[in-house]
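Student: One file is attached below, structure_8.txt, containing compact mmCIF, C-alpha atoms and all ligand atoms.
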# COMPACT_ATOMS: atom_id res chain seq x y z
CA MET J 1 -9.55 7.80 41.65
CA PRO J 2 -11.47 10.64 39.91
CA VAL J 3 -15.08 11.03 41.02
CA THR J 4 -17.82 12.40 38.76
CA ARG J 5 -20.95 13.87 40.38
CA PHE J 6 -24.38 14.22 38.81
CA LEU J 7 -27.42 15.87 40.34
CA ALA J 8 -30.57 14.36 38.87
CA GLU J 9 -33.71 16.49 39.11
CA GLN J 10 -35.68 13.23 39.30
CA ALA J 11 -34.23 9.71 39.38
CA TRP J 12 -35.86 6.29 39.52
CA LEU J 13 -34.18 4.32 42.32
CA PRO J 14 -34.49 0.53 42.85
CA ALA J 15 -37.77 -0.89 44.16
CA ALA J 16 -39.39 2.57 44.20
CA ALA J 17 -42.91 3.05 42.88
CA LEU J 18 -42.12 6.69 42.05
CA PRO J 19 -39.00 8.69 41.10
CA ALA J 20 -37.09 10.55 43.83
CA ALA J 21 -36.17 14.26 43.62
CA ASP J 22 -32.74 15.97 43.75
CA VAL J 23 -30.65 12.79 43.66
CA LEU J 24 -26.88 13.16 44.00
CA ILE J 25 -25.16 10.37 42.05
CA GLU J 26 -21.41 9.81 42.37
CA VAL J 27 -19.45 7.69 39.92
CA ALA J 28 -15.89 6.38 40.16
CA ASP J 29 -14.18 3.79 38.00
CA GLY J 30 -17.40 3.01 36.13
CA ARG J 31 -19.48 2.23 39.24
CA PHE J 32 -21.91 4.16 41.43
CA THR J 33 -20.18 5.12 44.68
CA ALA J 34 -22.98 7.22 46.22
CA VAL J 35 -26.70 7.69 45.53
CA GLU J 36 -28.42 10.21 47.79
CA PRO J 37 -31.90 11.68 47.27
CA GLY J 38 -33.04 15.07 48.57
CA VAL J 39 -29.74 16.93 48.10
CA ASN J 40 -30.31 20.68 47.87
CA PRO J 41 -28.72 23.06 46.94
CA VAL J 42 -26.84 21.63 43.94
CA PRO J 43 -23.23 20.82 44.89
CA PRO J 44 -21.02 23.14 42.79
CA ASP J 45 -18.94 20.39 41.18
CA SER J 46 -21.87 18.33 39.93
CA THR J 47 -23.40 18.10 36.46
CA ARG J 48 -27.13 18.82 36.54
CA LEU J 49 -29.40 16.29 34.84
CA PRO J 50 -32.73 18.07 34.24
CA GLY J 51 -35.70 15.77 33.66
CA LEU J 52 -36.06 12.11 34.68
CA THR J 53 -32.97 9.93 35.05
CA LEU J 54 -33.41 6.19 34.62
CA PRO J 55 -31.06 3.20 34.87
CA GLY J 56 -29.51 1.99 31.61
CA LEU J 57 -31.98 0.31 29.24
CA ALA J 58 -31.26 -3.24 28.03
CA ASN J 59 -32.28 -4.22 24.50
CA THR J 60 -32.52 -7.95 25.11
CA HIS J 61 -33.20 -9.08 21.53
CA SER J 62 -31.59 -7.59 18.41
CA HIS J 63 -30.74 -8.63 14.86
CA ALA J 64 -28.61 -5.63 13.90
CA PHE J 65 -28.79 -6.08 10.13
CA HIS J 66 -32.60 -6.00 10.11
CA ARG J 67 -32.26 -2.23 10.65
CA ALA J 68 -31.58 -2.01 6.89
CA LEU J 69 -35.17 -3.18 6.22
CA ARG J 70 -37.03 -0.44 8.08
CA GLY J 71 -39.72 1.04 5.85
CA ARG J 72 -38.67 -1.15 2.92
CA THR J 73 -40.95 -4.16 3.32
CA HIS J 74 -44.40 -2.61 2.88
CA ARG J 75 -44.46 -2.39 -0.91
CA GLY J 76 -47.98 -3.18 -2.04
CA ARG J 77 -49.35 -4.11 1.34
CA GLY J 78 -46.39 -6.14 2.58
CA THR J 79 -46.60 -9.68 3.94
CA PHE J 80 -44.31 -11.74 6.17
CA TRP J 81 -42.84 -13.17 2.98
CA THR J 82 -42.04 -9.79 1.38
CA TRP J 83 -40.26 -8.97 4.64
CA ARG J 84 -38.32 -12.23 4.66
CA ASP J 85 -37.28 -11.88 0.99
CA ARG J 86 -35.85 -8.44 1.69
CA MET J 87 -34.19 -9.68 4.87
CA TYR J 88 -32.38 -12.45 2.99
CA ALA J 89 -31.37 -10.01 0.21
CA ALA J 90 -29.75 -7.73 2.80
CA ALA J 91 -28.09 -10.69 4.55
CA GLU J 92 -26.62 -11.84 1.24
CA ARG J 93 -24.64 -8.63 0.76
CA LEU J 94 -23.04 -8.32 4.17
CA ASP J 95 -19.39 -9.03 4.93
CA PRO J 96 -17.42 -8.27 8.11
CA ASP J 97 -16.60 -4.70 6.99
CA SER J 98 -20.09 -3.72 5.86
CA TYR J 99 -21.61 -5.43 8.90
CA LEU J 100 -19.30 -3.48 11.20
CA ALA J 101 -20.53 -0.22 9.63
CA LEU J 102 -24.21 -1.20 9.75
CA ALA J 103 -24.08 -2.55 13.31
CA ARG J 104 -22.06 0.45 14.55
CA ALA J 105 -24.71 2.84 13.19
CA THR J 106 -27.57 0.68 14.55
CA TYR J 107 -26.00 0.41 18.01
CA ALA J 108 -25.35 4.16 17.97
CA GLU J 109 -29.08 4.67 17.27
CA MET J 110 -29.68 2.43 20.31
CA ALA J 111 -27.33 4.58 22.42
CA LEU J 112 -29.31 7.66 21.42
CA ALA J 113 -32.45 5.84 22.63
CA GLY J 114 -30.90 5.17 26.07
CA ILE J 115 -29.89 1.57 25.44
CA THR J 116 -26.69 0.74 27.33
CA CYS J 117 -26.53 -2.98 26.52
CA VAL J 118 -27.68 -5.05 23.54
CA GLY J 119 -28.29 -8.77 23.22
CA GLU J 120 -27.31 -9.56 19.64
CA PHE J 121 -28.99 -12.79 18.48
CA HIS J 122 -26.36 -13.48 15.85
CA TYR J 123 -26.64 -16.13 13.14
CA LEU J 124 -24.98 -14.51 10.09
CA HIS J 125 -21.76 -16.43 10.64
CA HIS J 126 -20.26 -17.43 7.29
CA ASP J 127 -19.51 -16.08 3.80
CA ALA J 128 -22.00 -15.87 0.95
CA ASP J 129 -21.26 -19.47 -0.08
CA GLY J 130 -21.67 -20.75 3.46
CA ARG J 131 -17.93 -21.23 3.98
CA ARG J 132 -16.11 -20.16 7.11
CA TYR J 133 -14.15 -16.93 6.91
CA ALA J 134 -10.38 -17.16 7.53
CA ASP J 135 -11.31 -16.07 11.05
CA PRO J 136 -14.42 -18.23 11.60
CA ASN J 137 -15.73 -15.63 14.08
CA ALA J 138 -15.05 -12.57 11.89
CA MET J 139 -18.72 -11.54 11.87
CA SER J 140 -18.96 -11.90 15.67
CA ALA J 141 -15.82 -9.79 16.06
CA ALA J 142 -17.35 -7.11 13.81
CA LEU J 143 -20.43 -6.93 16.08
CA VAL J 144 -18.34 -6.71 19.25
CA ASP J 145 -16.24 -3.96 17.65
CA ALA J 146 -19.40 -2.14 16.50
CA ALA J 147 -20.76 -2.04 20.06
CA ALA J 148 -17.45 -0.67 21.38
CA GLN J 149 -17.42 2.10 18.78
CA ALA J 150 -21.06 2.96 19.53
CA GLY J 151 -20.25 3.07 23.25
CA ILE J 152 -22.58 0.31 24.53
CA ARG J 153 -22.11 -3.18 26.01
CA ILE J 154 -22.99 -6.30 24.06
CA THR J 155 -23.86 -9.88 24.84
CA LEU J 156 -23.16 -11.79 21.65
CA LEU J 157 -25.80 -14.53 21.61
CA ASP J 158 -24.04 -16.81 19.13
CA THR J 159 -26.85 -18.69 17.49
CA CYS J 160 -26.93 -22.32 16.42
CA TYR J 161 -28.90 -22.55 13.14
CA LEU J 162 -28.80 -25.89 11.33
CA THR J 163 -31.97 -26.64 9.34
CA ALA J 164 -34.57 -24.83 7.25
CA SER J 165 -37.61 -26.62 8.67
CA VAL J 166 -38.75 -28.73 11.60
CA ASP J 167 -38.53 -31.86 9.47
CA GLY J 168 -34.83 -31.23 8.84
CA ALA J 169 -34.71 -29.64 5.34
CA ALA J 170 -31.17 -28.54 4.48
CA LEU J 171 -30.24 -24.87 4.49
CA ALA J 172 -30.28 -23.37 1.00
CA GLY J 173 -29.35 -20.05 -0.62
CA THR J 174 -28.66 -17.27 1.87
CA GLN J 175 -29.47 -19.56 4.79
CA ARG J 176 -26.20 -21.40 4.16
CA ARG J 177 -24.48 -18.43 5.77
CA PHE J 178 -26.18 -19.30 9.06
CA GLY J 179 -25.22 -22.97 9.44
CA ASP J 180 -22.31 -24.72 11.16
CA GLY J 181 -23.34 -28.25 10.12
CA ASP J 182 -24.07 -29.59 13.57
CA ALA J 183 -24.11 -28.38 17.17
CA ALA J 184 -20.65 -29.82 17.89
CA ALA J 185 -19.13 -27.71 15.08
CA TRP J 186 -21.09 -24.70 16.34
CA ALA J 187 -19.68 -25.23 19.85
CA GLU J 188 -16.15 -25.65 18.56
CA ARG J 189 -16.36 -22.37 16.57
CA VAL J 190 -17.97 -20.35 19.37
CA GLY J 191 -15.62 -21.80 21.97
CA ALA J 192 -12.65 -20.34 20.04
CA PHE J 193 -14.06 -16.79 20.11
CA GLN J 194 -12.41 -14.38 22.54
CA PRO J 195 -14.22 -11.04 22.33
CA ALA J 196 -11.98 -7.98 22.44
CA GLY J 197 -12.92 -5.62 25.27
CA ASP J 198 -14.57 -5.84 28.67
CA HIS J 199 -17.81 -4.41 27.19
CA ALA J 200 -18.59 -7.80 25.61
CA ARG J 201 -19.71 -11.26 26.72
CA VAL J 202 -20.47 -14.36 24.68
CA ALA J 203 -23.57 -16.46 25.28
CA ALA J 204 -25.56 -19.07 23.38
CA ALA J 205 -28.75 -19.23 21.38
CA VAL J 206 -30.83 -21.93 19.75
CA HIS J 207 -32.44 -20.21 16.78
CA SER J 208 -35.75 -22.06 17.17
CA VAL J 209 -37.16 -25.58 17.14
CA ARG J 210 -37.41 -25.09 13.36
CA ALA J 211 -33.69 -24.49 12.89
CA VAL J 212 -32.14 -26.86 15.46
CA PRO J 213 -33.23 -30.54 15.53
CA ALA J 214 -34.24 -31.86 18.95
CA GLU J 215 -31.26 -34.18 19.25
CA GLN J 216 -28.83 -31.28 18.62
CA ILE J 217 -30.26 -28.92 21.28
CA PRO J 218 -28.60 -30.54 24.35
CA ALA J 219 -25.09 -29.79 22.97
CA VAL J 220 -25.95 -26.07 22.90
CA VAL J 221 -27.46 -26.30 26.40
CA ASP J 222 -24.31 -28.03 27.67
CA TRP J 223 -22.09 -25.31 26.18
CA ALA J 224 -24.07 -22.63 28.05
CA ASP J 225 -24.23 -24.68 31.27
CA GLU J 226 -20.47 -25.20 31.34
CA ARG J 227 -19.95 -21.43 31.17
CA GLU J 228 -23.02 -20.47 33.24
CA ALA J 229 -23.90 -18.31 30.23
CA PRO J 230 -27.34 -17.15 29.12
CA LEU J 231 -29.20 -19.28 26.58
CA HIS J 232 -31.77 -17.59 24.34
CA VAL J 233 -34.26 -19.14 21.91
CA HIS J 234 -37.07 -17.92 19.63
CA LEU J 235 -40.21 -19.63 20.94
CA SER J 236 -43.67 -19.94 19.37
CA GLU J 237 -43.44 -16.67 17.45
CA GLN J 238 -45.98 -17.88 14.91
CA ARG J 239 -48.72 -20.49 14.96
CA ALA J 240 -47.15 -22.21 11.92
CA GLU J 241 -44.09 -23.07 14.04
CA ASN J 242 -46.33 -24.71 16.65
CA ARG J 243 -48.24 -26.71 14.02
CA ALA J 244 -45.05 -27.97 12.37
CA CYS J 245 -43.54 -28.92 15.75
CA LEU J 246 -46.67 -30.79 16.84
CA ALA J 247 -46.86 -32.63 13.52
CA HIS J 248 -43.20 -33.70 13.59
CA TYR J 249 -42.45 -34.19 17.30
CA HIS J 250 -45.98 -34.55 18.76
CA ARG J 251 -44.97 -31.90 21.31
CA THR J 252 -45.26 -28.14 21.53
CA PRO J 253 -42.02 -26.15 21.10
CA THR J 254 -42.03 -25.46 24.87
CA GLU J 255 -42.41 -29.18 25.65
CA LEU J 256 -39.61 -30.01 23.23
CA LEU J 257 -37.27 -27.46 24.85
CA ALA J 258 -38.19 -28.74 28.32
CA ASP J 259 -37.38 -32.31 27.28
CA ALA J 260 -34.03 -31.11 25.86
CA GLY J 261 -33.14 -29.52 29.23
CA ALA J 262 -33.17 -26.05 27.66
CA LEU J 263 -35.48 -24.27 30.15
CA GLY J 264 -34.36 -22.61 33.38
CA PRO J 265 -33.39 -19.31 35.00
CA ARG J 266 -30.51 -18.64 32.57
CA THR J 267 -32.80 -19.19 29.57
CA THR J 268 -34.81 -16.49 27.82
CA ALA J 269 -37.63 -17.45 25.47
CA VAL J 270 -38.03 -14.71 22.88
CA HIS J 271 -41.62 -13.86 21.79
CA ALA J 272 -43.46 -16.67 23.69
CA THR J 273 -46.53 -15.56 21.75
CA HIS J 274 -48.68 -18.60 21.01
CA LEU J 275 -48.55 -20.79 24.13
CA THR J 276 -50.80 -23.38 25.68
CA ASP J 277 -51.72 -23.03 29.36
CA SER J 278 -49.31 -25.84 30.23
CA ASP J 279 -46.52 -24.20 28.18
CA ARG J 280 -46.99 -21.08 30.28
CA THR J 281 -46.89 -23.06 33.51
CA GLU J 282 -43.76 -24.90 32.37
CA LEU J 283 -41.97 -21.63 31.56
CA GLY J 284 -42.99 -20.11 34.89
CA ASP J 285 -42.20 -23.18 37.01
CA THR J 286 -38.70 -23.33 35.52
CA GLU J 287 -38.25 -19.54 35.97
CA THR J 288 -37.46 -19.28 32.27
CA GLY J 289 -37.38 -15.63 31.24
CA VAL J 290 -39.49 -14.26 28.40
CA CYS J 291 -38.52 -11.42 26.07
CA PHE J 292 -41.32 -9.56 24.31
CA CYS J 293 -40.67 -7.49 21.17
CA PRO J 294 -44.05 -5.78 20.66
CA THR J 295 -43.11 -3.38 17.85
CA THR J 296 -41.67 -6.21 15.76
CA GLU J 297 -44.48 -8.59 16.65
CA ARG J 298 -47.04 -6.07 15.41
CA ASP J 299 -44.94 -5.17 12.33
CA LEU J 300 -44.78 -8.85 11.33
CA ALA J 301 -48.39 -9.58 12.33
CA ASP J 302 -47.21 -12.24 14.79
CA GLY J 303 -49.77 -11.52 17.52
CA PHE J 304 -48.95 -10.85 21.16
CA GLY J 305 -48.30 -13.14 24.06
CA PRO J 306 -49.76 -13.44 27.58
CA ALA J 307 -47.32 -11.10 29.33
CA ARG J 308 -49.15 -10.71 32.65
CA ALA J 309 -49.94 -14.42 32.93
CA LEU J 310 -46.32 -15.34 32.20
CA VAL J 311 -44.99 -12.94 34.83
CA ASP J 312 -47.54 -14.21 37.36
CA ALA J 313 -46.48 -17.78 36.56
CA GLY J 314 -42.86 -16.93 37.44
CA SER J 315 -41.19 -15.81 34.19
CA PRO J 316 -39.15 -12.59 34.39
CA LEU J 317 -40.06 -10.21 31.51
CA SER J 318 -37.52 -8.40 29.33
CA LEU J 319 -37.88 -6.40 26.12
CA GLY J 320 -36.24 -6.22 22.69
CA SER J 321 -36.46 -4.19 19.51
CA ASP J 322 -35.70 -7.35 17.47
CA SER J 323 -36.11 -6.30 13.79
CA HIS J 324 -35.69 -2.58 14.61
CA ALA J 325 -38.85 -1.48 12.83
CA VAL J 326 -38.64 0.92 15.80
CA ILE J 327 -35.76 1.43 18.27
CA ASP J 328 -37.51 2.85 21.30
CA LEU J 329 -37.74 0.86 24.54
CA PHE J 330 -40.36 3.25 25.95
CA GLU J 331 -42.59 2.18 23.07
CA GLU J 332 -41.80 -1.52 23.68
CA ALA J 333 -42.49 -1.15 27.41
CA ARG J 334 -45.83 0.63 27.17
CA ALA J 335 -46.92 -1.66 24.32
CA VAL J 336 -46.82 -4.60 26.77
CA GLU J 337 -49.48 -2.88 28.87
CA LEU J 338 -51.41 -1.39 25.95
CA ASP J 339 -51.65 -4.74 24.10
CA GLU J 340 -53.08 -6.31 27.28
CA ARG J 341 -55.64 -3.49 27.44
CA LEU J 342 -56.75 -4.11 23.85
CA HIS J 343 -57.04 -7.82 24.52
CA THR J 344 -58.88 -7.65 27.86
CA GLU J 345 -60.73 -4.32 27.52
CA ARG J 346 -59.30 -3.45 30.96
CA ARG J 347 -56.49 -1.13 32.10
CA GLY J 348 -53.87 -1.52 34.81
CA HIS J 349 -52.03 -4.80 34.11
CA PHE J 350 -48.49 -3.46 34.68
CA SER J 351 -47.36 -0.49 36.75
CA PRO J 352 -44.85 1.97 35.26
CA ALA J 353 -42.25 0.65 37.74
CA GLU J 354 -42.80 -2.94 36.50
CA LEU J 355 -42.44 -1.86 32.86
CA LEU J 356 -39.27 0.03 33.73
CA ARG J 357 -37.82 -3.05 35.45
CA ALA J 358 -38.48 -5.09 32.29
CA ALA J 359 -36.60 -2.49 30.25
CA THR J 360 -33.66 -2.26 32.66
CA VAL J 361 -32.63 -4.67 35.41
CA THR J 362 -34.44 -7.76 34.12
CA GLY J 363 -33.08 -7.28 30.61
CA HIS J 364 -29.54 -6.84 31.86
CA ALA J 365 -29.84 -9.99 33.98
CA ALA J 366 -31.15 -11.95 30.98
CA LEU J 367 -28.02 -10.89 29.09
CA GLY J 368 -25.64 -11.96 31.87
CA TRP J 369 -25.01 -8.53 33.45
CA PRO J 370 -26.58 -8.87 36.93
CA ASP J 371 -24.65 -5.82 38.16
CA ALA J 372 -26.39 -3.40 35.76
CA GLY J 373 -29.83 -1.84 35.41
CA THR J 374 -30.33 -0.13 38.77
CA ILE J 375 -29.04 3.17 40.16
CA ALA J 376 -27.48 1.83 43.37
CA VAL J 377 -24.07 1.88 45.02
CA GLY J 378 -21.76 -0.75 43.54
CA GLN J 379 -23.73 -1.19 40.31
CA ARG J 380 -22.39 -0.31 36.85
CA ALA J 381 -22.77 3.42 36.31
CA ASP J 382 -25.35 3.55 33.51
CA LEU J 383 -27.66 6.59 33.42
CA VAL J 384 -30.35 7.63 30.93
CA THR J 385 -31.85 11.09 31.29
CA VAL J 386 -35.18 11.81 29.62
CA ARG J 387 -36.26 15.40 28.99
CA LEU J 388 -39.52 16.42 30.62
CA ASP J 389 -39.72 19.66 28.61
CA SER J 390 -40.10 18.28 25.07
CA VAL J 391 -43.27 18.66 23.06
CA ARG J 392 -44.17 15.08 24.06
CA THR J 393 -43.24 15.19 27.74
CA ALA J 394 -43.99 18.76 28.81
CA GLY J 395 -46.46 18.70 31.69
CA VAL J 396 -46.38 14.94 32.33
CA GLU J 397 -45.82 13.52 35.80
CA PRO J 398 -42.33 11.96 35.99
CA ALA J 399 -43.82 8.62 37.06
CA GLY J 400 -45.92 8.54 33.88
CA ALA J 401 -43.11 9.45 31.50
CA ILE J 402 -42.82 5.87 30.24
CA PHE J 403 -46.29 6.33 28.70
CA ALA J 404 -45.36 9.66 27.05
CA ALA J 405 -41.66 9.75 26.19
CA ALA J 406 -40.01 8.70 22.94
CA ALA J 407 -36.41 7.73 22.25
CA ALA J 408 -35.91 11.26 20.86
CA ASP J 409 -36.45 12.66 24.38
CA VAL J 410 -33.28 11.03 25.72
CA SER J 411 -30.76 13.82 26.38
CA THR J 412 -27.89 12.18 28.28
CA VAL J 413 -26.62 8.59 28.33
CA VAL J 414 -23.80 7.33 30.53
CA VAL J 415 -22.46 3.78 30.03
CA ASP J 416 -20.07 2.34 32.63
CA GLY J 417 -19.34 5.89 33.77
CA ARG J 418 -18.58 7.26 30.28
CA VAL J 419 -20.81 9.88 28.64
CA VAL J 420 -21.96 8.46 25.29
CA VAL J 421 -24.84 10.82 24.53
CA SER J 422 -24.88 14.49 25.50
CA GLY J 423 -27.44 17.15 24.61
CA GLY J 424 -29.37 14.48 22.67
CA GLY J 425 -26.43 13.81 20.32
CA HIS J 426 -23.95 10.94 20.12
CA VAL J 427 -20.50 12.11 21.25
CA ALA J 428 -18.59 10.14 18.58
CA LEU J 429 -20.83 9.57 15.56
CA ASP J 430 -23.15 11.40 13.18
CA VAL J 431 -25.75 8.66 13.51
CA PRO J 432 -28.21 9.54 10.70
CA SER J 433 -25.34 9.87 8.18
CA ALA J 434 -23.79 6.63 9.40
CA LEU J 435 -27.11 4.82 9.02
CA THR J 436 -27.71 6.22 5.54
CA ALA J 437 -24.27 5.18 4.31
CA ALA J 438 -24.34 1.73 5.91
CA ILE J 439 -27.85 0.89 4.73
CA GLY J 440 -27.14 2.21 1.23
CA ALA J 441 -24.26 -0.24 0.98
CA VAL J 442 -26.42 -3.32 1.58
CA VAL J 443 -29.87 -2.68 0.12
CA SER J 444 -30.88 -2.20 -3.49
ZN ZN J 501 -35.50 -12.49 16.59
As structure tokens, how would this structure be written, given the file I've shared?
Ligand SMILES: [Zn+2]

Tutor:
Amino acid sequence: MPVTRFLAEQAWLPAAALPAADVLIEVADGRFTAVEPGVNPVPPDSTRLPGLTLPGLANTHSHAFHRALRGRTHRGRGTFWTWRDRMYAAAERLDPDSYLALARATYAEMALAGITCVGEFHYLHHDADGRRYADPNAMSAALVDAAAQAGIRITLLDTCYLTASVDGAALAGTQRRFGDGDAAAWAERVGAFQPAGDHARVAAAVHSVRAVPAEQIPAVVDWADEREAPLHVHLSEQRAENRACLAHYHRTPTELLADAGALGPRTTAVHATHLTDSDRTELGDTETGVCFCPTTERDLADGFGPARALVDAGSPLSLGSDSHAVIDLFEEARAVELDERLHTERRGHFSPAELLRAATVTGHAALGWPDAGTIAVGQRADLVTVRLDSVRTAGVEPAGAIFAAAAADVSTVVVDGRVVVSGGGHVALDVPSALTAAIGAVVS
């Protein structure tokens, strides 16, 4: 079995508060077979990785087609509604071919940013009239194919989306593309999907308490339970969702999900922004994960959630770029700490090592890849090397790089032992050109 050797100038190893120096990393058959710090001089057959090498980053929450909206929703001043109008206009134009091109370019941008696995919260299932394609999972297949071509892993979070409002209004217009009718039909469609390639897994999502009636949620939970698959759900992203849920069900969204059996260690609540104290306790007591998406939450004026309190209550924290206003997990990670600082007027809520865990091992676990996200023998061989000689990172301490680096500082990315990014460029795709062409095809 061929062995590849890397010598990382600095590498962040599991459970360490600081990076280690001169780390020899051996890879065979897509796994780490040796990890040894303090190796000097450089073994002659190894590839040097100058800078700071991190485990693969997990982007736990993505809607790939939202990438087409970046910088296009601020006309005038831009409101949530101008954003949503443009989002629906882009959704209306997509078909399996154009979605393959857009998602491939978006996932390649993620690869350039050091993301080795994406959780795609996918609800754009059907054709423009809301009818099933000849292959009812054609859009899912396009996303799985896109990830393969971009060189990253994917967990397809196939999303149940049934109603337009908490009180059960029918889907209309573009939203008809999202709906399967009921949760049983959703389960039947998803159950027939066999993703092509060992880079892909299928899991479940409940769009939100707005889009799935309470009595339909247990069928989605059962589907995930039977397969021991992750279950993701948008939770309390905006106060309006909480008000509508309280008015209709006389419960908070968290209470409703708890009553439906939807909380637990395989569940990730995305956003978890506007919570009551008892919501927070419920999420923590059930070890339900939370995924924060700070760059999207600030772009959409959603607010920000109680990250430290949730983690202290028992909820593992992961991160997502969600609407892709920005694709940069360093920015997402430090924003968790910086938002807490703004709110409390104090520093020091999360250590760099904790933020890195959110961006790596916790995110991978939330997406159903417990053997990824750490540089350790036996784990999947994902590596992300960050330059420490760029205009942003020159002179910083390696341990503080998460507060200084940008996605553009990623020089090398290895996914399951394969080099996907080298010298800061994608090995297979001209990513800016691919983005320009794919976005041009779906926006006016
Ligand atoms: Zn989302």

Student: Collect all residues with atoms no farther than 7 Å from ligand ZN 501 (chain J), counting only C-alpha atoms and all ligand atoms, and output them as a ChimeraX atom specification.

Tutor: /J:61-63,121,234,322-323

Student: How far is it from atom CA of Leu429 of chain J to atom CA of Phe65 of chain J, in Å with one decimal?

Tutor: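 For atom CA of Leu429 of chain J relative to atom CA of Phe65 of chain J, the distance reads 18.4 Å.
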
Student: Nearest to Ala113 of chain J among J:Ser321, J:Thr73, J:Thr344, J:Thr374, with distances taken over all atoms listed in the file: which residue is it?

Tutor: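 When distances to Ala113 of chain J are compared using all atoms listed in the file, the smallest one comes from J:Ser321.
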
Student: With all atoms listed in the file as the basis for distance, which of J:Ala376, J:Cys160, J:Leu342, J:Leu367 is at the shortest distance from Val212 of chain J?

Tutor: J:Cys160

Student: Considering only C-alpha atoms, state which residue in the set J:Val190, J:Val396, J:Ala148, J:Ala128 is at the smallest distance from Arg177 of chain J.

Tutor: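 Ranked by minimum distance to Arg177 of chain J, first place goes to J:Ala128.
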
Student: Atom CA of Asp22 of chain J and atom CA of Pro37 of chain J are how many Å apart?

Tutor: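 Result for atom CA of Asp22 of chain J versus atom CA of Pro37 of chain J: 5.6 Å, one decimal.
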
Student: Counting all atoms listed in the file, what is within 7 Å of Thr33 of chain J, bar same-chain residues fewer than 4 positions away, as a list in words?

Tutor: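 Here the qualifying residues turn out to be Glu26, Val27, Ala28, Val377 and Gly378 of chain J.
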
Student: Excluding segment 398-405 of chain J and residues on its chain fewer than 6 positions from it, collect all residues at most 12 Å away from it, counting all atoms listed in the file, and give them as a compact mmCIF listing (two decimals) with C-alpha atoms, keeping the file's coordinate frame.

Tutor:
# COMPACT_ATOMS: atom_id res chain seq x y z
CA GLU J 9 -33.71 16.49 39.11
CA GLN J 10 -35.68 13.23 39.30
CA ALA J 11 -34.23 9.71 39.38
CA TRP J 12 -35.86 6.29 39.52
CA LEU J 13 -34.18 4.32 42.32
CA ALA J 16 -39.39 2.57 44.20
CA ALA J 17 -42.91 3.05 42.88
CA LEU J 18 -42.12 6.69 42.05
CA PRO J 19 -39.00 8.69 41.10
CA ALA J 20 -37.09 10.55 43.83
CA ALA J 21 -36.17 14.26 43.62
CA PRO J 50 -32.73 18.07 34.24
CA GLY J 51 -35.70 15.77 33.66
CA LEU J 52 -36.06 12.11 34.68
CA THR J 53 -32.97 9.93 35.05
CA LEU J 54 -33.41 6.19 34.62
CA ALA J 113 -32.45 5.84 22.63
CA GLY J 114 -30.90 5.17 26.07
CA ASP J 328 -37.51 2.85 21.30
CA LEU J 329 -37.74 0.86 24.54
CA PHE J 330 -40.36 3.25 25.95
CA GLU J 331 -42.59 2.18 23.07
CA GLU J 332 -41.80 -1.52 23.68
CA ALA J 333 -42.49 -1.15 27.41
CA ARG J 334 -45.83 0.63 27.17
CA ALA J 335 -46.92 -1.66 24.32
CA VAL J 336 -46.82 -4.60 26.77
CA GLU J 337 -49.48 -2.88 28.87
CA LEU J 338 -51.41 -1.39 25.95
CA PHE J 350 -48.49 -3.46 34.68
CA SER J 351 -47.36 -0.49 36.75
CA PRO J 352 -44.85 1.97 35.26
CA ALA J 353 -42.25 0.65 37.74
CA GLU J 354 -42.80 -2.94 36.50
CA LEU J 355 -42.44 -1.86 32.86
CA LEU J 356 -39.27 0.03 33.73
CA ARG J 357 -37.82 -3.05 35.45
CA ALA J 358 -38.48 -5.09 32.29
CA ALA J 359 -36.60 -2.49 30.25
CA THR J 385 -31.85 11.09 31.29
CA VAL J 386 -35.18 11.81 29.62
CA ARG J 387 -36.26 15.40 28.99
CA LEU J 388 -39.52 16.42 30.62
CA ASP J 389 -39.72 19.66 28.61
CA SER J 390 -40.10 18.28 25.07
CA VAL J 391 -43.27 18.66 23.06
CA ARG J 392 -44.17 15.08 24.06
CA SER J 411 -30.76 13.82 26.38

Student: Any idea what the distance is between atom CA of Ala325 of chain J and atom CA of Arg70 of chain J?

Tutor: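 Atom-to-atom, atom CA of Ala325 of chain J to atom CA of Arg70 of chain J, that is 5.2 Å.
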
Student: Within 10 Å of segment 88-97 of chain J, which residues of segment 21-77 of chain J show up? Give each one with its shortest atom-to-atom distance in Å (one decimal) and the two atoms involved, counting all atoms listed in the file, rows by chain then rising residue number, as CSV.

Tutor:
residue,atom,partner,partner_atom,distance
J:Phe65,CA,J:Ala91,CA,7.3
J:His66,CA,J:Ala90,CA,8.0
J:Arg67,CA,J:Ala90,CA,9.9
J:Ala68,CA,J:Ala90,CA,7.3
J:Leu69,CA,J:Ala90,CA,7.9

Student: Need the neighbours of (-31.8, -29.7, 13.0): which residues are at most 8 Å away, counting all atoms listed in the file, as a list in words?

Tutor: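 Residues close enough to count: Tyr161, Leu162, Thr163, Ser165, Val166, Asp167, Gly168, Asp182, Val209, Arg210, Ala211, Val212, Pro213, Ala214, Glu215 and Gln216 of chain J.
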
Student: Nearest to Arg132 of chain J: which of J:Arg86, J:His364, J:Arg189, J:Arg227 is it, counting only C-alpha atoms?

Tutor: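 When distances to Arg132 of chain J are compared using only C-alpha atoms, the smallest one comes from J:Arg189.
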